[in-house]
Amino acid sequence: SCLGVRKMSFHFGIALVSALLLCVASAAPLSITDDKASLLNNFADSSFPLPFTRELGLQDGGNDVRILNALVARSGCESAPALGKYYDINTQQCVKYAQRVNNIDVTGRCDAKTLAIFLQQYSRDGYKDSGSVPKGYHYKIHVPVYEDRSIETTASLIATNGTVLFQFRARTHGQNAPDGTALNQFSSSGSTPTGLSKLDLNTPEDDPASYGPYDVNRAVTGIEGNALVLLPTVRNGILVHTGEWSGWKPSMNMPNSHGCIHAHPEDIKQLDSIIQSLGVVAHKNPFGQLPYPFKPQGVLSVEQLD
């Protein structure tokens, strides 16, 4: 569920195999501050923090470089790289600056330890909800989150005039790595990305056990924050949906997703009804098709509070 194109087991398998590298312990101490050293104690030179699976340097390309460019641009360097998939001179200069700031050997390349530091220091996008619905959209779903995604929060459906039409319980925790730690929002099947995205109402998925029998809201394209970095280039198929979860009761926390926003069945049913009452059409579900074939009718705002 929530892997974009519905059956992306191949990509999920890559994430799981890569995650196994987290279990390799490092015996080499780091000449950095204690808190950063503590973070890195479990990383050997040959293991990488997801979503990264390799050392990165000049002329490399790929989605991992796109994420790196976004991270190091937050370091305050003057030559911030473009948000693209290529490790160019600007990326190299910005990496050197961030290495210097964080007391890492200044090489202009990113090994596992450097990437772990950058993830720790620069993952937060600083996105803040504007309090309004952007012009041209019919509704907004606002979901506050905490760094600890096991905390379920109260999400809001907001009309164009700012009125809160409906509130519901939401869970944005993704899958866990084999060592039990939560996969971050940059990783396949990790937590729901923060930021602002275009959103659209789709007809139900064809797997009610995983997605529920109701219409789903699909995050289409990122506009701000980490969503801009990730959607749909790196991650695709982030949905607001429910499920027919075996053994689950409304008094319980919801199960983790693969990056989607989970909500209670009756809440998703009511959410759909209210959204359609605003004149929003449930477009025929394209099941992760890219480019997305319809004009998005709403926005999704995921804002970290702590």
# chains A, B, ... in the order shown; residues from 1 in each chain; ligands from 1
$ select_by_dssp --residues "range 49-111 of chain A" --states "helix (DSSP H, G or I)" --output "number ranges by chain"
A: 63-75, 89-101
$ write_last_selection --atoms "C-alpha atoms" --output "PDB file, in the first residue's frame"
ATOM      1  CA  ASN A  63      17.299  10.501  -7.017  1.00  0.00           C
ATOM      2  CA  ASP A  64      19.765  10.124  -4.141  1.00  0.00           C
ATOM      3  CA  VAL A  65      21.684  13.129  -5.492  1.00  0.00           C
ATOM      4  CA  ARG A  66      18.428  15.082  -5.733  1.00  0.00           C
ATOM      5  CA  ILE A  67      17.854  14.441  -2.019  1.00  0.00           C
ATOM      6  CA  LEU A  68      21.455  15.348  -1.204  1.00  0.00           C
ATOM      7  CA  ASN A  69      21.153  18.622  -3.119  1.00  0.00           C
ATOM      8  CA  ALA A  70      18.074  19.544  -1.102  1.00  0.00           C
ATOM      9  CA  LEU A  71      19.775  18.695   2.197  1.00  0.00           C
ATOM     10  CA  VAL A  72      23.041  20.573   1.659  1.00  0.00           C
ATOM     11  CA  ALA A  73      21.208  23.607   0.280  1.00  0.00           C
ATOM     12  CA  ARG A  74      19.895  24.033   3.853  1.00  0.00           C
ATOM     13  CA  SER A  75      23.428  24.301   5.243  1.00  0.00           C
ATOM     14  CA  ILE A  89      30.410  21.828  -8.933  1.00  0.00           C
ATOM     15  CA  ASN A  90      27.816  23.697  -6.857  1.00  0.00           C
ATOM     16  CA  THR A  91      26.908  20.460  -5.071  1.00  0.00           C
ATOM     17  CA  GLN A  92      30.582  19.788  -4.384  1.00  0.00           C
ATOM     18  CA  GLN A  93      31.200  23.285  -3.014  1.00  0.00           C
ATOM     19  CA  CYS A  94      28.114  23.096  -0.827  1.00  0.00           C
ATOM     20  CA  VAL A  95      29.117  19.645   0.461  1.00  0.00           C
ATOM     21  CA  LYS A  96      32.559  21.022   1.381  1.00  0.00           C
ATOM     22  CA  TYR A  97      30.923  23.924   3.222  1.00  0.00           C
ATOM     23  CA  ALA A  98      28.575  21.611   5.131  1.00  0.00           C
ATOM     24  CA  GLN A  99      31.464  19.257   5.972  1.00  0.00           C
ATOM     25  CA  ARG A 100      33.450  22.202   7.335  1.00  0.00           C
ATOM     26  CA  VAL A 101      30.493  23.462   9.397  1.00  0.00           C
TER      27      VAL A 101
END
$ residues_around --residues "Arg54 in chain A" --least-positions-apart "3" --cutoff "9 Å" --atoms "only C-alpha atoms" --output "PyMOL selection string"
chain A and resi 46-48+64+110-112
$ write_last_selection --atoms "all heavy atoms" --output "compact mmCIF listing (two decimals), in the first residue's frame"
# COMPACT_ATOMS: atom_id res chain seq x y z
N SER A 46 31.24 1.03 5.22
CA SER A 46 30.58 0.39 4.09
C SER A 46 29.07 0.40 4.18
O SER A 46 28.39 -0.15 3.33
CB SER A 46 31.05 -1.06 3.97
OG SER A 46 30.73 -1.77 5.15
N SER A 47 28.50 1.00 5.23
CA SER A 47 27.04 1.02 5.38
C SER A 47 26.53 2.44 5.27
O SER A 47 27.20 3.39 5.65
CB SER A 47 26.63 0.41 6.72
OG SER A 47 27.16 1.15 7.80
N PHE A 48 25.32 2.58 4.76
CA PHE A 48 24.79 3.90 4.46
C PHE A 48 23.42 4.08 5.10
O PHE A 48 22.62 3.14 5.16
CB PHE A 48 24.67 4.09 2.94
CG PHE A 48 26.00 4.25 2.26
CD1 PHE A 48 26.74 3.13 1.91
CD2 PHE A 48 26.52 5.51 2.01
CE1 PHE A 48 27.98 3.27 1.30
CE2 PHE A 48 27.76 5.65 1.40
CZ PHE A 48 28.49 4.54 1.05
N ASP A 64 19.02 9.92 -5.38
CA ASP A 64 19.76 10.12 -4.14
C ASP A 64 20.52 11.44 -4.18
O ASP A 64 20.64 12.14 -3.16
CB ASP A 64 20.70 8.95 -3.84
CG ASP A 64 21.58 8.54 -5.01
OD1 ASP A 64 21.50 9.15 -6.10
OD2 ASP A 64 22.37 7.58 -4.84
N CYS A 110 30.63 12.43 -0.40
CA CYS A 110 29.75 12.05 0.70
C CYS A 110 29.85 10.55 0.96
O CYS A 110 29.30 9.75 0.19
CB CYS A 110 28.30 12.43 0.39
SG CYS A 110 28.01 14.19 0.34
N ASP A 111 30.55 10.18 2.03
CA ASP A 111 30.56 8.78 2.45
C ASP A 111 29.41 8.55 3.42
O ASP A 111 28.59 9.45 3.67
CB ASP A 111 31.91 8.40 3.07
CG ASP A 111 32.27 9.25 4.29
OD1 ASP A 111 31.39 10.01 4.79
OD2 ASP A 111 33.42 9.15 4.75
N ALA A 112 29.32 7.36 4.00
CA ALA A 112 28.19 7.02 4.87
C ALA A 112 28.09 7.95 6.07
O ALA A 112 27.01 8.39 6.46
CB ALA A 112 28.30 5.56 5.31
$ select_by_dssp --residues "range 32-272 of chain A" --states "strand (DSSP E)" --output "compact mmCIF listing (two decimals) with N, CA and C atoms, in the first residue's frame"
# COMPACT_ATOMS: atom_id res chain seq x y z
N TYR A 139 -10.06 22.85 -1.70
CA TYR A 139 -9.98 22.41 -0.31
C TYR A 139 -8.54 22.13 0.08
N LYS A 140 -8.33 22.06 1.37
CA LYS A 140 -7.01 21.69 1.90
C LYS A 140 -7.19 20.69 3.03
N ILE A 141 -6.32 19.67 3.05
CA ILE A 141 -6.22 18.79 4.21
C ILE A 141 -4.93 19.13 4.93
N HIS A 142 -5.06 19.58 6.16
CA HIS A 142 -3.90 19.97 6.97
C HIS A 142 -3.64 18.88 8.00
N VAL A 143 -2.41 18.36 8.00
CA VAL A 143 -2.04 17.28 8.91
C VAL A 143 -0.82 17.70 9.73
N PRO A 144 -1.01 18.03 11.01
CA PRO A 144 0.15 18.30 11.86
C PRO A 144 0.83 17.00 12.25
N VAL A 145 2.16 17.00 12.33
CA VAL A 145 2.90 15.80 12.71
C VAL A 145 3.99 16.17 13.71
N THR A 153 -2.29 12.31 15.22
CA THR A 153 -2.69 13.70 15.39
C THR A 153 -4.07 13.96 14.79
N THR A 154 -4.56 15.16 14.99
CA THR A 154 -5.86 15.56 14.46
C THR A 154 -5.67 16.37 13.18
N ALA A 155 -6.12 15.81 12.08
CA ALA A 155 -6.06 16.49 10.78
C ALA A 155 -7.35 17.26 10.53
N SER A 156 -7.28 18.25 9.64
CA SER A 156 -8.43 19.11 9.37
C SER A 156 -8.69 19.25 7.88
N LEU A 157 -9.96 19.21 7.51
CA LEU A 157 -10.39 19.55 6.16
C LEU A 157 -10.81 21.01 6.17
N ILE A 158 -10.21 21.82 5.30
CA ILE A 158 -10.42 23.27 5.35
C ILE A 158 -10.96 23.76 4.02
N ALA A 159 -12.00 24.60 4.08
CA ALA A 159 -12.61 25.17 2.88
C ALA A 159 -11.83 26.40 2.43
N VAL A 164 -12.98 25.33 9.01
CA VAL A 164 -12.66 23.93 9.25
C VAL A 164 -13.96 23.14 9.12
N LEU A 165 -14.04 22.31 8.11
CA LEU A 165 -15.27 21.58 7.82
C LEU A 165 -15.35 20.24 8.54
N PHE A 166 -14.19 19.67 8.85
CA PHE A 166 -14.18 18.33 9.43
C PHE A 166 -12.79 18.07 10.02
N GLN A 167 -12.76 17.34 11.12
CA GLN A 167 -11.49 16.94 11.71
C GLN A 167 -11.49 15.43 11.93
N PHE A 168 -10.30 14.83 11.81
CA PHE A 168 -10.20 13.38 11.93
C PHE A 168 -8.80 12.99 12.42
N ARG A 169 -8.75 11.81 13.00
CA ARG A 169 -7.48 11.28 13.52
C ARG A 169 -6.64 10.75 12.35
N ALA A 170 -5.34 11.07 12.37
CA ALA A 170 -4.46 10.68 11.26
C ALA A 170 -3.17 10.06 11.79
N ARG A 171 -2.65 9.11 11.01
CA ARG A 171 -1.37 8.46 11.32
C ARG A 171 -0.47 8.56 10.10
N GLY A 195 5.52 19.15 4.15
CA GLY A 195 5.46 20.14 3.09
C GLY A 195 4.08 20.25 2.47
N LEU A 196 4.00 21.02 1.40
CA LEU A 196 2.74 21.28 0.70
C LEU A 196 2.74 20.56 -0.64
N SER A 197 1.62 19.88 -0.95
CA SER A 197 1.50 19.14 -2.21
C SER A 197 0.15 19.41 -2.86
N LYS A 198 0.11 19.27 -4.17
CA LYS A 198 -1.17 19.25 -4.86
C LYS A 198 -1.86 17.92 -4.53
N LEU A 199 -3.17 17.97 -4.40
CA LEU A 199 -3.95 16.81 -3.94
C LEU A 199 -5.16 16.63 -4.84
N ASP A 200 -5.58 15.39 -5.02
CA ASP A 200 -6.78 15.16 -5.83
C ASP A 200 -7.56 13.98 -5.29
N LEU A 201 -8.87 14.02 -5.52
CA LEU A 201 -9.77 12.94 -5.10
C LEU A 201 -9.86 11.90 -6.21
N ASN A 202 -9.62 10.65 -5.85
CA ASN A 202 -9.69 9.53 -6.81
C ASN A 202 -10.73 8.52 -6.36
N VAL A 216 -10.16 7.86 -2.37
CA VAL A 216 -8.90 8.22 -1.72
C VAL A 216 -8.45 9.60 -2.21
N ASN A 217 -7.70 10.29 -1.37
CA ASN A 217 -7.06 11.54 -1.78
C ASN A 217 -5.60 11.25 -2.10
N ARG A 218 -5.15 11.68 -3.28
CA ARG A 218 -3.81 11.37 -3.77
C ARG A 218 -2.94 12.63 -3.81
N ALA A 219 -1.79 12.59 -3.14
CA ALA A 219 -0.81 13.67 -3.26
C ALA A 219 -0.13 13.52 -4.62
N VAL A 220 -0.23 14.55 -5.44
CA VAL A 220 0.18 14.45 -6.84
C VAL A 220 1.59 15.00 -7.08
N THR A 221 1.80 16.26 -6.69
CA THR A 221 3.06 16.95 -6.96
C THR A 221 3.42 17.83 -5.77
N GLY A 222 4.68 17.80 -5.35
CA GLY A 222 5.11 18.65 -4.26
C GLY A 222 5.21 20.11 -4.69
N ILE A 223 4.86 21.01 -3.76
CA ILE A 223 4.92 22.45 -4.01
C ILE A 223 5.97 23.12 -3.11
N GLU A 224 6.01 22.71 -1.85
CA GLU A 224 6.95 23.29 -0.89
C GLU A 224 7.51 22.19 0.01
N ILE A 238 1.42 8.77 -2.52
CA ILE A 238 1.07 9.09 -1.14
C ILE A 238 -0.43 9.40 -1.10
N LEU A 239 -1.16 8.59 -0.35
CA LEU A 239 -2.62 8.69 -0.30
C LEU A 239 -3.12 9.02 1.10
N VAL A 240 -4.32 9.59 1.16
CA VAL A 240 -5.08 9.67 2.41
C VAL A 240 -6.17 8.62 2.28
N HIS A 241 -6.11 7.59 3.14
CA HIS A 241 -7.03 6.47 2.98
C HIS A 241 -7.19 5.72 4.29
N ILE A 261 -1.20 8.52 4.58
CA ILE A 261 -1.86 9.00 5.78
C ILE A 261 -3.05 8.10 6.04
N HIS A 262 -3.01 7.38 7.15
CA HIS A 262 -4.10 6.49 7.52
C HIS A 262 -5.13 7.24 8.36
N ALA A 263 -6.39 6.91 8.17
CA ALA A 263 -7.48 7.47 8.96
C ALA A 263 -8.53 6.39 9.19
$ closest_residue --among "A:Arg149, A:His258, A:His283, A:Lys249" --to "Pro296 in chain A" --atoms "only C-alpha atoms"
A:His283
$ residues_around --residues "Pro213 in chain A" --least-positions-apart "4" --cutoff "12 Å" --atoms "only C-alpha atoms" --output "list in words"
Asn202, Thr203, Pro204, Glu205, Asp206, Asp207, Pro208, Ala209, His241, Thr242, Gly243, Glu244, His264, Pro265, Glu266, Ile268, Lys269 and Asp272 of chain A
$ closest_residue --among "A:Gln120, A:Ser188, A:Thr160, A:Ser150" --to "Tyr137 in chain A" --atoms "only C-alpha atoms"
A:Thr160
$ residues_around --residues "Gln289 in chain A" --least-positions-apart "2" --cutoff "12 Å" --atoms "only C-alpha atoms" --output "short mmCIF file (atom, residue, chain, number, x, y, z; two decimals) with N, CA and C atoms, in the first residue's frame"
data_model
loop_
_atom_site.label_atom_id
_atom_site.label_comp_id
_atom_site.auth_asym_id
_atom_site.auth_seq_id
_atom_site.Cartn_x
_atom_site.Cartn_y
_atom_site.Cartn_z
N GLY A 4 2.99 4.15 -4.44
CA GLY A 4 2.92 4.85 -5.71
C GLY A 4 2.22 4.00 -6.72
N VAL A 5 2.94 3.44 -7.65
CA VAL A 5 2.37 2.41 -8.49
C VAL A 5 2.14 1.25 -7.56
N ARG A 6 0.93 0.73 -7.51
CA ARG A 6 0.48 -0.06 -6.36
C ARG A 6 1.38 -1.20 -5.99
N ARG A 218 -5.15 11.68 -3.28
CA ARG A 218 -3.81 11.37 -3.77
C ARG A 218 -2.94 12.63 -3.81
N VAL A 220 -0.23 14.55 -5.44
CA VAL A 220 0.18 14.45 -6.84
C VAL A 220 1.59 15.00 -7.08
N PRO A 232 6.58 13.94 -7.51
CA PRO A 232 6.51 12.47 -7.57
C PRO A 232 7.81 11.83 -8.05
N ASN A 236 6.07 8.30 -5.00
CA ASN A 236 4.81 8.51 -5.70
C ASN A 236 3.74 7.64 -5.06
N GLY A 237 2.50 8.14 -5.04
CA GLY A 237 1.41 7.35 -4.51
C GLY A 237 1.14 7.56 -3.03
N LYS A 284 -11.29 9.20 -11.97
CA LYS A 284 -11.03 7.77 -12.07
C LYS A 284 -9.60 7.47 -11.65
N ASN A 285 -9.45 6.54 -10.74
CA ASN A 285 -8.15 6.26 -10.14
C ASN A 285 -7.12 5.83 -11.20
N PRO A 286 -6.00 6.58 -11.34
CA PRO A 286 -4.97 6.21 -12.32
C PRO A 286 -3.93 5.25 -11.76
N PHE A 287 -4.05 4.90 -10.45
CA PHE A 287 -3.18 3.91 -9.83
C PHE A 287 -1.69 4.20 -10.03
N PRO A 291 2.79 10.91 -16.28
CA PRO A 291 2.34 12.03 -15.46
C PRO A 291 0.88 11.88 -15.05
N TYR A 292 0.53 12.52 -13.94
CA TYR A 292 -0.84 12.42 -13.44
C TYR A 292 -1.78 13.05 -14.45
N PRO A 293 -2.87 12.36 -14.83
CA PRO A 293 -3.68 12.79 -15.98
C PRO A 293 -4.75 13.84 -15.70
N PHE A 294 -4.94 14.25 -14.44
CA PHE A 294 -6.02 15.19 -14.13
C PHE A 294 -5.47 16.45 -13.45
#
$ closest_residue --among "A:Thr172, A:Gln59, A:Thr114, A:Ser132" --to "Tyr146 in chain A" --atoms "only C-alpha atoms"
A:Thr172
$ decode --residues "range 284-299 of chain A" --atoms "all heavy atoms" --output "mmCIF file, in the first residue's frame"
data_model
loop_
_atom_site.group_PDB
_atom_site.id
_atom_site.type_symbol
_atom_site.label_atom_id
_atom_site.label_comp_id
_atom_site.auth_asym_id
_atom_site.auth_seq_id
_atom_site.Cartn_x
_atom_site.Cartn_y
_atom_site.Cartn_z
ATOM 1 N N LYS A 284 -11.291 9.196 -11.967
ATOM 2 C CA LYS A 284 -11.030 7.766 -12.075
ATOM 3 C C LYS A 284 -9.600 7.472 -11.654
ATOM 4 O O LYS A 284 -8.659 8.071 -12.157
ATOM 5 C CB LYS A 284 -11.270 7.281 -13.506
ATOM 6 C CG LYS A 284 -11.122 5.777 -13.666
ATOM 7 C CD LYS A 284 -11.450 5.320 -15.080
ATOM 8 C CE LYS A 284 -11.299 3.808 -15.208
ATOM 9 N NZ LYS A 284 -11.605 3.339 -16.587
ATOM 10 N N ASN A 285 -9.446 6.539 -10.745
ATOM 11 C CA ASN A 285 -8.146 6.259 -10.141
ATOM 12 C C ASN A 285 -7.122 5.834 -11.200
ATOM 13 O O ASN A 285 -7.318 4.827 -11.886
ATOM 14 C CB ASN A 285 -8.302 5.156 -9.093
ATOM 15 C CG ASN A 285 -7.153 5.120 -8.116
ATOM 16 O OD1 ASN A 285 -6.005 5.282 -8.484
ATOM 17 N ND2 ASN A 285 -7.478 4.899 -6.844
ATOM 18 N N PRO A 286 -5.999 6.579 -11.337
ATOM 19 C CA PRO A 286 -4.974 6.215 -12.316
ATOM 20 C C PRO A 286 -3.929 5.254 -11.756
ATOM 21 O O PRO A 286 -3.012 4.855 -12.478
ATOM 22 C CB PRO A 286 -4.328 7.565 -12.650
ATOM 23 C CG PRO A 286 -4.431 8.324 -11.371
ATOM 24 C CD PRO A 286 -5.724 7.883 -10.710
ATOM 25 N N PHE A 287 -4.055 4.901 -10.451
ATOM 26 C CA PHE A 287 -3.183 3.906 -9.828
ATOM 27 C C PHE A 287 -1.686 4.198 -10.029
ATOM 28 O O PHE A 287 -0.913 3.343 -10.440
ATOM 29 C CB PHE A 287 -3.516 2.500 -10.331
ATOM 30 C CG PHE A 287 -4.932 2.083 -10.059
ATOM 31 C CD1 PHE A 287 -5.805 1.820 -11.111
ATOM 32 C CD2 PHE A 287 -5.400 1.969 -8.763
ATOM 33 C CE1 PHE A 287 -7.120 1.438 -10.857
ATOM 34 C CE2 PHE A 287 -6.715 1.588 -8.507
ATOM 35 C CZ PHE A 287 -7.574 1.325 -9.548
ATOM 36 N N GLY A 288 -1.296 5.429 -9.743
ATOM 37 C CA GLY A 288 0.118 5.772 -9.780
ATOM 38 C C GLY A 288 0.645 6.182 -11.137
ATOM 39 O O GLY A 288 1.851 6.386 -11.290
ATOM 40 N N GLN A 289 -0.214 6.309 -12.136
ATOM 41 C CA GLN A 289 0.227 6.691 -13.483
ATOM 42 C C GLN A 289 0.931 8.041 -13.458
ATOM 43 O O GLN A 289 0.506 8.989 -12.802
ATOM 44 C CB GLN A 289 -0.987 6.757 -14.412
ATOM 45 C CG GLN A 289 -0.682 7.264 -15.823
ATOM 46 C CD GLN A 289 -1.946 7.440 -16.651
ATOM 47 O OE1 GLN A 289 -2.959 6.798 -16.407
ATOM 48 N NE2 GLN A 289 -1.893 8.317 -17.641
ATOM 49 N N LEU A 290 2.042 8.131 -14.184
ATOM 50 C CA LEU A 290 2.766 9.377 -14.351
ATOM 51 C C LEU A 290 2.964 9.661 -15.840
ATOM 52 O O LEU A 290 3.288 8.744 -16.596
ATOM 53 C CB LEU A 290 4.129 9.313 -13.650
ATOM 54 C CG LEU A 290 4.113 9.265 -12.112
ATOM 55 C CD1 LEU A 290 5.528 9.105 -11.570
ATOM 56 C CD2 LEU A 290 3.454 10.510 -11.536
ATOM 57 N N PRO A 291 2.789 10.911 -16.276
ATOM 58 C CA PRO A 291 2.341 12.035 -15.462
ATOM 59 C C PRO A 291 0.879 11.879 -15.047
ATOM 60 O O PRO A 291 0.108 11.203 -15.736
ATOM 61 C CB PRO A 291 2.531 13.239 -16.375
ATOM 62 C CG PRO A 291 2.444 12.674 -17.759
ATOM 63 C CD PRO A 291 3.057 11.313 -17.678
ATOM 64 N N TYR A 292 0.529 12.516 -13.939
ATOM 65 C CA TYR A 292 -0.836 12.419 -13.441
ATOM 66 C C TYR A 292 -1.785 13.047 -14.453
ATOM 67 O O TYR A 292 -1.551 14.167 -14.928
ATOM 68 C CB TYR A 292 -0.937 13.128 -12.091
ATOM 69 C CG TYR A 292 -2.290 12.995 -11.432
ATOM 70 C CD1 TYR A 292 -2.690 11.798 -10.869
ATOM 71 C CD2 TYR A 292 -3.170 14.081 -11.380
ATOM 72 C CE1 TYR A 292 -3.933 11.665 -10.266
ATOM 73 C CE2 TYR A 292 -4.414 13.962 -10.778
ATOM 74 C CZ TYR A 292 -4.790 12.744 -10.223
ATOM 75 O OH TYR A 292 -6.020 12.611 -9.635
ATOM 76 N N PRO A 293 -2.872 12.356 -14.831
ATOM 77 C CA PRO A 293 -3.678 12.789 -15.982
ATOM 78 C C PRO A 293 -4.752 13.842 -15.701
ATOM 79 O O PRO A 293 -5.429 14.274 -16.649
ATOM 80 C CB PRO A 293 -4.328 11.484 -16.443
ATOM 81 C CG PRO A 293 -4.458 10.656 -15.202
ATOM 82 C CD PRO A 293 -3.249 10.996 -14.370
ATOM 83 N N PHE A 294 -4.940 14.253 -14.443
ATOM 84 C CA PHE A 294 -6.017 15.188 -14.126
ATOM 85 C C PHE A 294 -5.471 16.448 -13.448
ATOM 86 O O PHE A 294 -4.352 16.443 -12.930
ATOM 87 C CB PHE A 294 -7.045 14.529 -13.194
ATOM 88 C CG PHE A 294 -7.575 13.218 -13.691
ATOM 89 C CD1 PHE A 294 -7.230 12.027 -13.066
ATOM 90 C CD2 PHE A 294 -8.413 13.160 -14.791
ATOM 91 C CE1 PHE A 294 -7.710 10.815 -13.511
ATOM 92 C CE2 PHE A 294 -8.908 11.945 -15.258
ATOM 93 C CZ PHE A 294 -8.548 10.770 -14.616
ATOM 94 N N LYS A 295 -6.294 17.491 -13.443
ATOM 95 C CA LYS A 295 -5.939 18.703 -12.722
ATOM 96 C C LYS A 295 -6.278 18.515 -11.242
ATOM 97 O O LYS A 295 -7.443 18.294 -10.890
ATOM 98 C CB LYS A 295 -6.720 19.900 -13.273
ATOM 99 C CG LYS A 295 -6.372 21.212 -12.569
ATOM 100 C CD LYS A 295 -7.168 22.372 -13.134
ATOM 101 C CE LYS A 295 -6.837 23.663 -12.388
ATOM 102 N NZ LYS A 295 -7.616 24.826 -12.922
ATOM 103 N N PRO A 296 -5.288 18.605 -10.345
ATOM 104 C CA PRO A 296 -5.565 18.426 -8.913
ATOM 105 C C PRO A 296 -6.515 19.507 -8.400
ATOM 106 O O PRO A 296 -6.442 20.669 -8.799
ATOM 107 C CB PRO A 296 -4.183 18.551 -8.273
ATOM 108 C CG PRO A 296 -3.224 18.191 -9.367
ATOM 109 C CD PRO A 296 -3.846 18.727 -10.619
ATOM 110 N N GLN A 297 -7.405 19.096 -7.490
ATOM 111 C CA GLN A 297 -8.460 19.999 -7.020
ATOM 112 C C GLN A 297 -8.236 20.508 -5.597
ATOM 113 O O GLN A 297 -8.972 21.383 -5.130
ATOM 114 C CB GLN A 297 -9.805 19.270 -7.089
ATOM 115 C CG GLN A 297 -10.134 18.786 -8.502
ATOM 116 C CD GLN A 297 -11.294 17.805 -8.517
ATOM 117 O OE1 GLN A 297 -12.462 18.199 -8.618
ATOM 118 N NE2 GLN A 297 -11.001 16.514 -8.400
ATOM 119 N N GLY A 298 -7.242 19.954 -4.883
ATOM 120 C CA GLY A 298 -6.995 20.383 -3.511
ATOM 121 C C GLY A 298 -5.511 20.405 -3.210
ATOM 122 O O GLY A 298 -4.672 20.210 -4.094
ATOM 123 N N VAL A 299 -5.189 20.667 -1.948
ATOM 124 C CA VAL A 299 -3.793 20.643 -1.502
ATOM 125 C C VAL A 299 -3.698 19.876 -0.181
ATOM 126 O O VAL A 299 -4.658 19.827 0.601
ATOM 127 C CB VAL A 299 -3.199 22.057 -1.319
ATOM 128 C CG1 VAL A 299 -3.034 22.760 -2.656
ATOM 129 C CG2 VAL A 299 -4.026 22.887 -0.354
#
